[in-house]
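final-v4.txt (compact mmCIF, C-alpha atoms)
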```
# COMPACT_ATOMS: atom_id res chain seq x y z
CA MET X 520 6.30 -11.05 7.30
CA ASP X 521 9.08 -13.57 7.59
CA ALA X 522 8.45 -16.78 5.61
CA LYS X 523 9.84 -18.82 8.51
CA LEU X 524 6.75 -17.72 10.48
CA VAL X 525 4.30 -18.61 7.68
CA ASN X 526 5.59 -22.08 6.90
CA PRO X 527 4.62 -23.52 10.34
CA PHE X 528 0.95 -22.72 9.54
CA ILE X 529 1.08 -24.39 6.12
CA ASP X 530 3.00 -27.37 7.52
CA ALA X 531 0.44 -27.79 10.31
CA PHE X 532 -2.45 -27.72 7.85
CA THR X 533 -0.84 -30.28 5.53
CA ALA X 534 0.07 -32.54 8.49
CA VAL X 535 -3.18 -32.37 10.50
CA MET X 536 -5.83 -32.48 7.77
CA PRO X 537 -4.88 -35.95 6.43
CA GLN X 538 -5.15 -37.30 10.00
CA ILE X 539 -8.86 -36.38 10.03
CA GLY X 540 -9.71 -37.66 6.57
CA PHE X 541 -8.60 -35.10 3.99
CA PRO X 542 -6.16 -36.58 1.49
CA GLU X 543 -3.52 -34.24 0.12
CA PRO X 544 -4.49 -30.71 1.20
CA LYS X 545 -2.89 -28.26 -1.20
CA ARG X 546 -1.90 -24.61 -1.13
CA ALA X 547 -3.99 -22.84 -3.77
CA LYS X 548 -2.77 -19.23 -3.71
CA VAL X 549 -1.18 -16.60 -1.52
CA THR X 550 -2.27 -12.95 -1.31
CA VAL X 551 -1.35 -9.93 0.79
CA LYS X 552 -4.16 -7.98 2.44
CA GLN X 553 -4.48 -5.00 4.75
CA LYS X 554 -5.60 -4.85 8.40
CA ASN X 555 -9.08 -6.46 8.31
CA ALA X 556 -10.10 -9.98 7.39
CA VAL X 557 -13.57 -10.28 5.85
CA SER X 558 -15.52 -13.32 7.02
CA LEU X 559 -16.54 -15.84 4.36
CA GLY X 560 -19.23 -17.21 6.69
CA VAL X 561 -17.34 -19.03 9.44
CA SER X 562 -14.18 -17.61 10.98
CA VAL X 563 -12.11 -18.80 13.91
CA ILE X 564 -9.68 -16.30 15.39
CA VAL X 565 -6.71 -17.41 17.49
CA GLY X 566 -4.10 -15.14 19.04
CA PHE X 567 -0.38 -15.68 19.63
CA THR X 568 1.71 -14.23 22.47
CA LYS X 569 5.25 -14.31 23.90
CA GLN X 570 7.99 -14.22 21.23
CA ILE X 571 5.38 -14.41 18.46
CA ARG X 572 2.59 -11.85 18.53
CA GLY X 573 -0.44 -11.63 16.31
CA ASN X 574 -3.40 -13.59 15.05
CA VAL X 575 -4.50 -16.26 12.65
CA VAL X 576 -8.01 -16.46 11.22
CA TYR X 577 -9.23 -19.75 9.78
CA ASN X 578 -11.82 -18.43 7.34
CA MET X 579 -14.26 -20.49 5.25
CA THR X 580 -17.78 -20.57 3.88
CA GLU X 581 -20.49 -22.21 5.95
CA ASP X 582 -20.74 -25.00 3.34
CA THR X 583 -17.02 -25.68 3.71
CA ALA X 584 -17.36 -25.69 7.51
CA LYS X 585 -20.20 -28.22 7.27
CA PHE X 586 -18.15 -30.36 4.87
CA ILE X 587 -15.18 -30.33 7.26
CA ALA X 588 -17.38 -31.04 10.30
CA SER X 589 -19.04 -33.95 8.49
CA THR X 590 -15.66 -35.46 7.61
CA MET X 591 -14.44 -35.01 11.19
CA MET X 592 -17.58 -36.82 12.42
CA MET X 593 -16.91 -39.84 10.20
CA GLY X 594 -19.25 -38.77 7.40
CA MET X 595 -22.27 -37.97 9.56
CA PRO X 596 -24.45 -35.59 7.52
CA VAL X 597 -24.27 -31.96 8.68
CA GLU X 598 -27.33 -30.15 7.36
CA THR X 599 -27.04 -27.04 9.56
CA PHE X 600 -24.06 -25.39 11.15
CA ASP X 601 -25.29 -26.25 14.64
CA GLU X 602 -23.47 -26.52 17.98
CA MET X 603 -21.98 -29.92 17.13
CA ALA X 604 -20.56 -28.66 13.83
CA GLN X 605 -19.32 -25.47 15.50
CA SER X 606 -17.58 -27.56 18.16
CA ALA X 607 -15.87 -29.64 15.47
CA ILE X 608 -14.56 -26.53 13.69
CA SER X 609 -13.36 -25.04 16.99
CA GLU X 610 -11.57 -28.29 17.80
CA LEU X 611 -9.99 -28.29 14.34
CA SER X 612 -8.65 -24.78 14.97
CA ASN X 613 -7.19 -26.01 18.29
CA MET X 614 -5.48 -28.91 16.53
CA LEU X 615 -4.10 -26.74 13.72
CA THR X 616 -2.91 -23.96 16.03
CA ALA X 617 -1.34 -26.32 18.56
CA HIS X 618 0.57 -28.02 15.74
CA THR X 619 1.63 -24.60 14.44
CA ALA X 620 2.81 -23.58 17.93
CA THR X 621 4.83 -26.79 18.15
CA ASN X 622 6.40 -25.98 14.78
CA ILE X 623 7.24 -22.44 15.94
CA THR X 624 8.75 -23.79 19.17
CA GLY X 625 10.92 -25.98 16.95
CA LEU X 626 12.36 -22.74 15.54
CA GLY X 627 13.55 -21.87 19.05
CA LEU X 628 10.77 -19.37 19.77
CA ASP X 629 8.53 -19.33 22.83
CA VAL X 630 4.82 -19.01 21.97
CA ASP X 631 1.43 -19.29 23.64
CA ILE X 632 -1.95 -19.43 21.92
CA SER X 633 -5.31 -18.04 22.99
CA THR X 634 -8.62 -19.83 23.17
CA PRO X 635 -10.23 -19.82 19.70
CA SER X 636 -13.16 -17.50 19.03
CA LEU X 637 -15.59 -18.86 16.46
CA THR X 638 -17.81 -16.38 14.63
CA VAL X 639 -20.62 -17.08 12.20
CA GLY X 640 -21.78 -14.55 9.63
CA LYS X 641 -20.76 -13.36 6.22
CA ASP X 642 -19.01 -10.15 5.16
CA PHE X 643 -18.20 -8.72 8.58
CA GLU X 644 -14.67 -7.47 9.15
CA VAL X 645 -12.28 -8.29 11.97
CA LYS X 646 -9.07 -6.36 12.47
CA ILE X 647 -6.19 -8.81 12.71
CA SER X 648 -3.26 -6.52 11.94
CA ASP X 649 -2.19 -2.88 11.99
CA GLY X 650 -0.65 -3.37 8.56
CA GLN X 651 -0.35 -6.09 5.98
CA TYR X 652 -1.06 -9.75 6.56
CA LEU X 653 -0.82 -12.86 4.42
CA VAL X 654 -3.69 -15.04 3.26
CA VAL X 655 -2.78 -18.59 2.29
CA GLU X 656 -5.65 -20.32 0.53
CA MET X 657 -5.68 -24.07 1.17
CA SER X 658 -7.72 -26.56 -0.85
CA LEU X 659 -9.37 -29.61 0.73
CA SER X 660 -10.89 -31.78 -1.96
CA GLY X 661 -12.05 -28.62 -3.76
CA GLN X 662 -13.23 -26.85 -0.58
CA LEU X 663 -11.22 -23.73 0.30
CA VAL X 664 -9.99 -22.55 3.70
CA ASP X 665 -8.21 -19.22 4.01
CA LEU X 666 -5.45 -18.96 6.58
CA ALA X 667 -5.20 -15.23 7.33
CA ILE X 668 -1.83 -14.95 9.08
CA ALA X 669 -0.74 -11.79 10.89
CA VAL X 670 2.16 -12.70 13.18
CA ASP X 671 5.51 -11.12 13.91
CA GLN X 672 8.48 -12.04 16.05
CA THR X 673 8.99 -9.80 19.08
```

Represent the structure from my file as structure tokens, please.
Amino acid sequence: MDAKLVNPFIDAFTAVMPQIGFPEPKRAKVTVKQKNAVSLGVSVIVGFTKQIRGNVVYNMTEDTAKFIASTMMMGMPVETFDEMAQSAISELSNMLTAHTATNITGLGLDVDISTPSLTVGKDFEVKISDGQYLVVEMSLSGQLVDLAIAVDQT
């Protein structure tokens, strides 16, 4: 995978997250995985089409999702990962992916994104690639979000 296609995801995360209350998101580690992403509890899958094809999965534990939703809702306590919290995480994925698409367009590539699909449940697998994909672990005040990135230029 070309680094020029990974950097727009990292840049989007580090630009968007401070706007919703997370100071200094940081990249924790990068790993290469094969074909299937394993859910950590809450996963949002978004597809890319046109000159960029593939998927991104925003993958996190339910506790992390509740933490993020609470921050997005100005500190309102989120005890359960209910419809309101799910809506906040889906909206976050829209914001991150739209910013990423804008970054990719800035590279001179035409891209469209799909509607996000939020899934809840731990340890299930979702195929996001026919081969290898990259996982960029991002830290938000000690909470981790995996960006599973499987995109290629057509």

| task | For Thr580 (chain X), please output as a VMD selection string all residues within 8 Å (counting only C-alpha atoms; exclusion window: fewer than 6 positions along the same chain). | result | chain X and resid 559 to 561

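Interatomic distance, CA of Asp601 (chain X) against CA of Lys585 (chain X): 9.2 Å.
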
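The neighbours of Ala620 (chain X) here are the residues that come within 8 Å of it, using all atoms listed in the file and leaving out any residue fewer than 6 positions away in the same chain; they are Pro527, Val630, Asp631 and Ile632 of chain X.
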
| Exercise: Gln538 (chain X) partners within 12 Å, all atoms listed in the file, chain neighbours under 3 positions left out, as a ChimeraX atom specification | /X:531-535,541-544,590-591,611,614-615

| message | List as an NGL selection string the protein and nucleic acid residues near Ser636 (chain X), meaning an atom at most 12 Å away when all atoms listed in the file are counted, but skip any in the same chain fewer than 6 places from it. | response | :X and (561-566 or 574-578 or 605-606 or 608-610 or 612-613 or 645)

| field | Within 8 Å of Asp629 (chain X) using only C-alpha atoms, minus same-chain residues under 5 positions, as a PyMOL selection string | value | chain X and resi 569-571+623-624

| query | Any idea what the distance is between CA of Arg572 (chain X) and CA of Asp642 (chain X)? | reply | 25.5 Å

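In terms of minimum interatomic distance to Ala547 (chain X), X:Gln662 ranks closest within X:Ser648, X:Asn526, X:Gln662, X:Thr599, counting all atoms listed in the file.
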
| note | Shortest contact to Ala667 (chain X), candidates X:Ala617, X:Ala522, X:Pro537, X:Asn555, atoms counted all atoms listed in the file, goes to X:Asn555

Completed region 614-648 of chain X (N, CA and C atoms) as a JSON list (two decimals), in the coordinates of the input:
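Wrote selection-v3.json, looks like this:
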```json
[["chain", "number", "residue", "atom", "x", "y", "z"],
["X", 614, "MET", "N", -6.46, -27.95, 17.03],
["X", 614, "MET", "CA", -5.48, -28.91, 16.53],
["X", 614, "MET", "C", -4.47, -28.23, 15.61],
["X", 615, "LEU", "N", -4.98, -27.42, 14.67],
["X", 615, "LEU", "CA", -4.10, -26.74, 13.72],
["X", 615, "LEU", "C", -3.16, -25.76, 14.43],
["X", 616, "THR", "N", -3.72, -24.99, 15.37],
["X", 616, "THR", "CA", -2.91, -23.96, 16.03],
["X", 616, "THR", "C", -1.90, -24.58, 16.99],
["X", 617, "ALA", "N", -2.29, -25.64, 17.68],
["X", 617, "ALA", "CA", -1.34, -26.32, 18.56],
["X", 617, "ALA", "C", -0.18, -26.90, 17.76],
["X", 618, "HIS", "N", -0.49, -27.47, 16.61],
["X", 618, "HIS", "CA", 0.57, -28.02, 15.74],
["X", 618, "HIS", "C", 1.47, -26.89, 15.24],
["X", 619, "THR", "N", 0.85, -25.76, 14.87],
["X", 619, "THR", "CA", 1.63, -24.60, 14.44],
["X", 619, "THR", "C", 2.54, -24.12, 15.57],
["X", 620, "ALA", "N", 2.00, -24.02, 16.79],
["X", 620, "ALA", "CA", 2.81, -23.58, 17.93],
["X", 620, "ALA", "C", 3.99, -24.53, 18.17],
["X", 621, "THR", "N", 3.75, -25.82, 18.02],
["X", 621, "THR", "CA", 4.83, -26.79, 18.15],
["X", 621, "THR", "C", 5.89, -26.55, 17.08],
["X", 622, "ASN", "N", 5.46, -26.28, 15.86],
["X", 622, "ASN", "CA", 6.40, -25.98, 14.78],
["X", 622, "ASN", "C", 7.21, -24.72, 15.08],
["X", 623, "ILE", "N", 6.56, -23.69, 15.62],
["X", 623, "ILE", "CA", 7.24, -22.44, 15.94],
["X", 623, "ILE", "C", 8.23, -22.66, 17.09],
["X", 624, "THR", "N", 7.84, -23.46, 18.07],
["X", 624, "THR", "CA", 8.75, -23.79, 19.17],
["X", 624, "THR", "C", 9.99, -24.50, 18.64],
["X", 625, "GLY", "N", 9.80, -25.31, 17.60],
["X", 625, "GLY", "CA", 10.92, -25.98, 16.95],
["X", 625, "GLY", "C", 11.91, -25.02, 16.31],
["X", 626, "LEU", "N", 11.47, -23.78, 16.07],
["X", 626, "LEU", "CA", 12.36, -22.74, 15.54],
["X", 626, "LEU", "C", 13.13, -22.04, 16.67],
["X", 627, "GLY", "N", 12.87, -22.48, 17.91],
["X", 627, "GLY", "CA", 13.55, -21.87, 19.05],
["X", 627, "GLY", "C", 12.83, -20.66, 19.62],
["X", 628, "LEU", "N", 11.54, -20.51, 19.29],
["X", 628, "LEU", "CA", 10.77, -19.37, 19.77],
["X", 628, "LEU", "C", 9.71, -19.82, 20.76],
["X", 629, "ASP", "N", 9.52, -19.03, 21.81],
["X", 629, "ASP", "CA", 8.53, -19.33, 22.83],
["X", 629, "ASP", "C", 7.19, -18.71, 22.41],
["X", 630, "VAL", "N", 6.11, -19.50, 22.45],
["X", 630, "VAL", "CA", 4.82, -19.01, 21.97],
["X", 630, "VAL", "C", 3.69, -19.62, 22.81],
["X", 631, "ASP", "N", 2.68, -18.82, 23.04],
["X", 631, "ASP", "CA", 1.43, -19.29, 23.64],
["X", 631, "ASP", "C", 0.30, -18.94, 22.68],
["X", 632, "ILE", "N", -0.79, -19.71, 22.77],
["X", 632, "ILE", "CA", -1.95, -19.43, 21.92],
["X", 632, "ILE", "C", -3.17, -19.16, 22.80],
["X", 633, "SER", "N", -4.08, -18.35, 22.26],
["X", 633, "SER", "CA", -5.31, -18.04, 22.99],
["X", 633, "SER", "C", -6.38, -19.08, 22.69],
["X", 634, "THR", "N", -7.45, -19.00, 23.44],
["X", 634, "THR", "CA", -8.62, -19.83, 23.17],
["X", 634, "THR", "C", -9.23, -19.35, 21.85],
["X", 635, "PRO", "N", -9.64, -20.25, 20.96],
["X", 635, "PRO", "CA", -10.23, -19.82, 19.70],
["X", 635, "PRO", "C", -11.59, -19.15, 19.90],
["X", 636, "SER", "N", -11.85, -18.17, 19.05],
["X", 636, "SER", "CA", -13.16, -17.50, 19.03],
["X", 636, "SER", "C", -13.80, -17.76, 17.68],
["X", 637, "LEU", "N", -14.88, -18.53, 17.69],
["X", 637, "LEU", "CA", -15.59, -18.86, 16.46],
["X", 637, "LEU", "C", -16.69, -17.83, 16.22],
["X", 638, "THR", "N", -16.75, -17.32, 15.00],
["X", 638, "THR", "CA", -17.81, -16.38, 14.63],
["X", 638, "THR", "C", -18.52, -16.91, 13.39],
["X", 639, "VAL", "N", -19.81, -16.65, 13.33],
["X", 639, "VAL", "CA", -20.62, -17.08, 12.20],
["X", 639, "VAL", "C", -21.29, -15.85, 11.62],
["X", 640, "GLY", "N", -21.19, -15.69, 10.32],
["X", 640, "GLY", "CA", -21.78, -14.55, 9.63],
["X", 640, "GLY", "C", -20.89, -14.17, 8.47],
["X", 641, "LYS", "N", -21.49, -13.67, 7.44],
["X", 641, "LYS", "CA", -20.76, -13.36, 6.22],
["X", 641, "LYS", "C", -20.54, -11.86, 6.09],
["X", 642, "ASP", "N", -19.38, -11.51, 5.56],
["X", 642, "ASP", "CA", -19.01, -10.15, 5.16],
["X", 642, "ASP", "C", -18.71, -9.18, 6.30],
["X", 643, "PHE", "N", -18.64, -9.64, 7.54],
["X", 643, "PHE", "CA", -18.20, -8.72, 8.58],
["X", 643, "PHE", "C", -16.68, -8.70, 8.58],
["X", 644, "GLU", "N", -16.12, -7.62, 9.13],
["X", 644, "GLU", "CA", -14.67, -7.47, 9.15],
["X", 644, "GLU", "C", -14.14, -7.60, 10.57],
["X", 645, "VAL", "N", -12.97, -8.20, 10.68],
["X", 645, "VAL", "CA", -12.28, -8.29, 11.97],
["X", 645, "VAL", "C", -10.85, -7.80, 11.75],
["X", 646, "LYS", "N", -10.43, -6.88, 12.58],
["X", 646, "LYS", "CA", -9.07, -6.36, 12.47],
["X", 646, "LYS", "C", -8.11, -7.39, 13.05],
["X", 647, "ILE", "N", -7.16, -7.84, 12.22],
["X", 647, "ILE", "CA", -6.19, -8.81, 12.71],
["X", 647, "ILE", "C", -4.76, -8.27, 12.67],
["X", 648, "SER", "N", -4.60, -7.07, 12.08],
["X", 648, "SER", "CA", -3.26, -6.52, 11.94],
["X", 648, "SER", "C", -3.34, -4.99, 11.82]]
```
